[in-house]
Amino acid sequence: MAHVDVGLEVSAIYSIANHPAVSPDLIQNARFQFRSLGLGDTYILDAAAELTEMHGQLCDVYGRDKNALEVQRWLSARHASLAQARGLNDWKTALYCSLAGHQGFCAGGFEAISAFAH
């Protein structure tokens, strides 16, 4: 799971979420592996690079008319493609899912990406 925060910059924090279809033992094991391997820190860095790379595309999609719905559609389409190719538990799939569902990000909050990109 990726939690996206939009403020002076955009960040994504990763965690293992409970799911009714997954046993508590498996969730506990996944959390142990996540911590032991330092995946949270790795995914934060990967997400920062991905956000930096997508900034120009988001600006183009948002356009002069500031179309948040088009940004949401673009992110959702990317999420669907990644889900099919990489699965639902992939860091990048989780990132795009969270970004597409973040109203503030889609409504121009992505512009804060440039704050840490330079």
# chains A, B, ... in the order shown; residues from 1 in each chain; ligands from 1
>>> residues_around(residues="segment 98-114 of chain A", least_positions_apart="4", cutoff="8 Å", atoms="only C-alpha atoms", output="list in words")
Ala2, His3, Val4, Val6, Gly7, Leu8, Glu9, Val10, Leu51, Thr52, His55, Leu58, Cys59, Tyr62, Lys66, Asn67, Ala68, Leu69, Val71, Gln72, Arg73, Leu75, Ser76, His79, Ala94 and His118 of chain A
>>> residues_around(residues="Gly40 of chain A", least_positions_apart="2", cutoff="10 Å", atoms="only C-alpha atoms", output="PyMOL selection string")
chain A and resi 2+12-16+34-38+42-46+91
>>> select_by_dssp(residues="chain A", states="strand (DSSP E or B)", output="JSON, numbers by chain")
{"A": [2, 3, 4, 5, 6, 10, 11, 12, 13, 14]}
>>> write_last_selection(atoms="all heavy atoms", output="PDB file, in the first residue's frame")
ATOM      1  N   ALA A   2       0.529   2.219  -0.797  1.00  0.00           N
ATOM      2  CA  ALA A   2       1.256   3.483  -0.830  1.00  0.00           C
ATOM      3  C   ALA A   2       0.335   4.594  -0.328  1.00  0.00           C
ATOM      4  O   ALA A   2      -0.796   4.720  -0.779  1.00  0.00           O
ATOM      5  CB  ALA A   2       1.709   3.808  -2.249  1.00  0.00           C
ATOM      6  N   HIS A   3       0.827   5.365   0.623  1.00  0.00           N
ATOM      7  CA  HIS A   3       0.092   6.533   1.102  1.00  0.00           C
ATOM      8  C   HIS A   3       0.778   7.761   0.516  1.00  0.00           C
ATOM      9  O   HIS A   3       1.970   7.985   0.757  1.00  0.00           O
ATOM     10  CB  HIS A   3       0.095   6.606   2.625  1.00  0.00           C
ATOM     11  CG  HIS A   3      -0.462   7.890   3.142  1.00  0.00           C
ATOM     12  ND1 HIS A   3      -1.807   8.150   3.168  1.00  0.00           N
ATOM     13  CD2 HIS A   3       0.156   8.998   3.599  1.00  0.00           C
ATOM     14  CE1 HIS A   3      -2.008   9.374   3.646  1.00  0.00           C
ATOM     15  NE2 HIS A   3      -0.827   9.910   3.907  1.00  0.00           N
ATOM     16  N   VAL A   4       0.027   8.531  -0.258  1.00  0.00           N
ATOM     17  CA  VAL A   4       0.575   9.720  -0.909  1.00  0.00           C
ATOM     18  C   VAL A   4       0.240  10.948  -0.077  1.00  0.00           C
ATOM     19  O   VAL A   4      -0.896  11.124   0.362  1.00  0.00           O
ATOM     20  CB  VAL A   4       0.005   9.873  -2.336  1.00  0.00           C
ATOM     21  CG1 VAL A   4       0.439  11.191  -2.961  1.00  0.00           C
ATOM     22  CG2 VAL A   4       0.438   8.700  -3.198  1.00  0.00           C
ATOM     23  N   ASP A   5       1.253  11.778   0.127  1.00  0.00           N
ATOM     24  CA  ASP A   5       1.085  13.036   0.842  1.00  0.00           C
ATOM     25  C   ASP A   5       1.481  14.166  -0.103  1.00  0.00           C
ATOM     26  O   ASP A   5       2.537  14.108  -0.739  1.00  0.00           O
ATOM     27  CB  ASP A   5       1.958  13.054   2.099  1.00  0.00           C
ATOM     28  CG  ASP A   5       1.739  14.302   2.932  1.00  0.00           C
ATOM     29  OD1 ASP A   5       0.574  14.731   3.076  1.00  0.00           O
ATOM     30  OD2 ASP A   5       2.732  14.850   3.445  1.00  0.00           O
ATOM     31  N   VAL A   6       0.611  15.156  -0.203  1.00  0.00           N
ATOM     32  CA  VAL A   6       0.876  16.316  -1.058  1.00  0.00           C
ATOM     33  C   VAL A   6       0.909  17.550  -0.172  1.00  0.00           C
ATOM     34  O   VAL A   6      -0.054  17.862   0.514  1.00  0.00           O
ATOM     35  CB  VAL A   6      -0.215  16.478  -2.145  1.00  0.00           C
ATOM     36  CG1 VAL A   6       0.050  17.714  -2.981  1.00  0.00           C
ATOM     37  CG2 VAL A   6      -0.297  15.241  -3.015  1.00  0.00           C
ATOM     38  N   VAL A  10       5.724  16.222  -2.829  1.00  0.00           N
ATOM     39  CA  VAL A  10       4.897  15.028  -2.927  1.00  0.00           C
ATOM     40  C   VAL A  10       5.732  13.849  -2.439  1.00  0.00           C
ATOM     41  O   VAL A  10       6.883  13.689  -2.845  1.00  0.00           O
ATOM     42  CB  VAL A  10       4.445  14.770  -4.380  1.00  0.00           C
ATOM     43  CG1 VAL A  10       3.619  13.497  -4.476  1.00  0.00           C
ATOM     44  CG2 VAL A  10       3.651  15.966  -4.910  1.00  0.00           C
ATOM     45  N   SER A  11       5.142  13.047  -1.565  1.00  0.00           N
ATOM     46  CA  SER A  11       5.854  11.868  -1.079  1.00  0.00           C
ATOM     47  C   SER A  11       4.909  10.673  -1.029  1.00  0.00           C
ATOM     48  O   SER A  11       3.692  10.834  -0.974  1.00  0.00           O
ATOM     49  CB  SER A  11       6.450  12.129   0.306  1.00  0.00           C
ATOM     50  OG  SER A  11       5.420  12.380   1.240  1.00  0.00           O
ATOM     51  N   ALA A  12       5.498   9.502  -1.057  1.00  0.00           N
ATOM     52  CA  ALA A  12       4.742   8.260  -0.946  1.00  0.00           C
ATOM     53  C   ALA A  12       5.411   7.407   0.125  1.00  0.00           C
ATOM     54  O   ALA A  12       6.621   7.180   0.080  1.00  0.00           O
ATOM     55  CB  ALA A  12       4.721   7.525  -2.278  1.00  0.00           C
ATOM     56  N   ILE A  13       4.618   6.954   1.082  1.00  0.00           N
ATOM     57  CA  ILE A  13       5.091   6.093   2.158  1.00  0.00           C
ATOM     58  C   ILE A  13       4.411   4.736   1.981  1.00  0.00           C
ATOM     59  O   ILE A  13       3.192   4.661   1.795  1.00  0.00           O
ATOM     60  CB  ILE A  13       4.744   6.679   3.540  1.00  0.00           C
ATOM     61  CG1 ILE A  13       5.273   8.109   3.684  1.00  0.00           C
ATOM     62  CG2 ILE A  13       5.248   5.768   4.656  1.00  0.00           C
ATOM     63  CD1 ILE A  13       6.762   8.251   3.624  1.00  0.00           C
ATOM     64  N   TYR A  14       5.199   3.690   2.062  1.00  0.00           N
ATOM     65  CA  TYR A  14       4.697   2.336   1.818  1.00  0.00           C
ATOM     66  C   TYR A  14       4.529   1.557   3.114  1.00  0.00           C
ATOM     67  O   TYR A  14       5.292   1.745   4.062  1.00  0.00           O
ATOM     68  CB  TYR A  14       5.656   1.585   0.890  1.00  0.00           C
ATOM     69  CG  TYR A  14       5.571   2.074  -0.526  1.00  0.00           C
ATOM     70  CD1 TYR A  14       6.267   3.196  -0.938  1.00  0.00           C
ATOM     71  CD2 TYR A  14       4.757   1.426  -1.440  1.00  0.00           C
ATOM     72  CE1 TYR A  14       6.170   3.664  -2.230  1.00  0.00           C
ATOM     73  CE2 TYR A  14       4.654   1.887  -2.740  1.00  0.00           C
ATOM     74  CZ  TYR A  14       5.362   3.003  -3.129  1.00  0.00           C
ATOM     75  OH  TYR A  14       5.257   3.466  -4.405  1.00  0.00           O
TER      76      TYR A  14
END
>>> atom_distance(atom1="atom CA of Gln84 of chain A", atom2="atom CA of Asp41 of chain A")
25.0 Å
>>> select_by_dssp(residues="segment 11-118 of chain A", states="helix (DSSP H, G or I)", output="ChimeraX atom specification")
/A:24-36,39-62,68-86,91-100,103-106,109-117
>>> atom_distance(atom1="atom CA of Ala80 of chain A", atom2="atom CA of Tyr96 of chain A")
8.8 Å
>>> atom_distance(atom1="atom CA of Asp60 of chain A", atom2="atom CA of Leu82 of chain A")
20.9 Å
>>> residues_around(residues="segment 17-20 of chain A", least_positions_apart="5", cutoff="9 Å", atoms="only C-alpha atoms", output="ChimeraX atom specification")
/A:1,27,31
>>> write_last_selection(atoms="N, CA and C atoms", output="mmCIF file, in the first residue's frame")
data_model
loop_
_atom_site.group_PDB
_atom_site.id
_atom_site.type_symbol
_atom_site.label_atom_id
_atom_site.label_comp_id
_atom_site.auth_asym_id
_atom_site.auth_seq_id
_atom_site.Cartn_x
_atom_site.Cartn_y
_atom_site.Cartn_z
ATOM 1 N N MET A 1 0.845 -1.165 0.000
ATOM 2 C CA MET A 1 0.000 0.000 0.000
ATOM 3 C C MET A 1 0.897 1.237 0.000
ATOM 4 N N ILE A 27 0.289 -11.895 6.584
ATOM 5 C CA ILE A 27 0.473 -10.446 6.758
ATOM 6 C C ILE A 27 1.644 -10.182 7.699
ATOM 7 N N ARG A 31 5.077 -8.246 6.743
ATOM 8 C CA ARG A 31 5.570 -7.076 7.485
ATOM 9 C C ARG A 31 7.001 -7.299 7.976
#
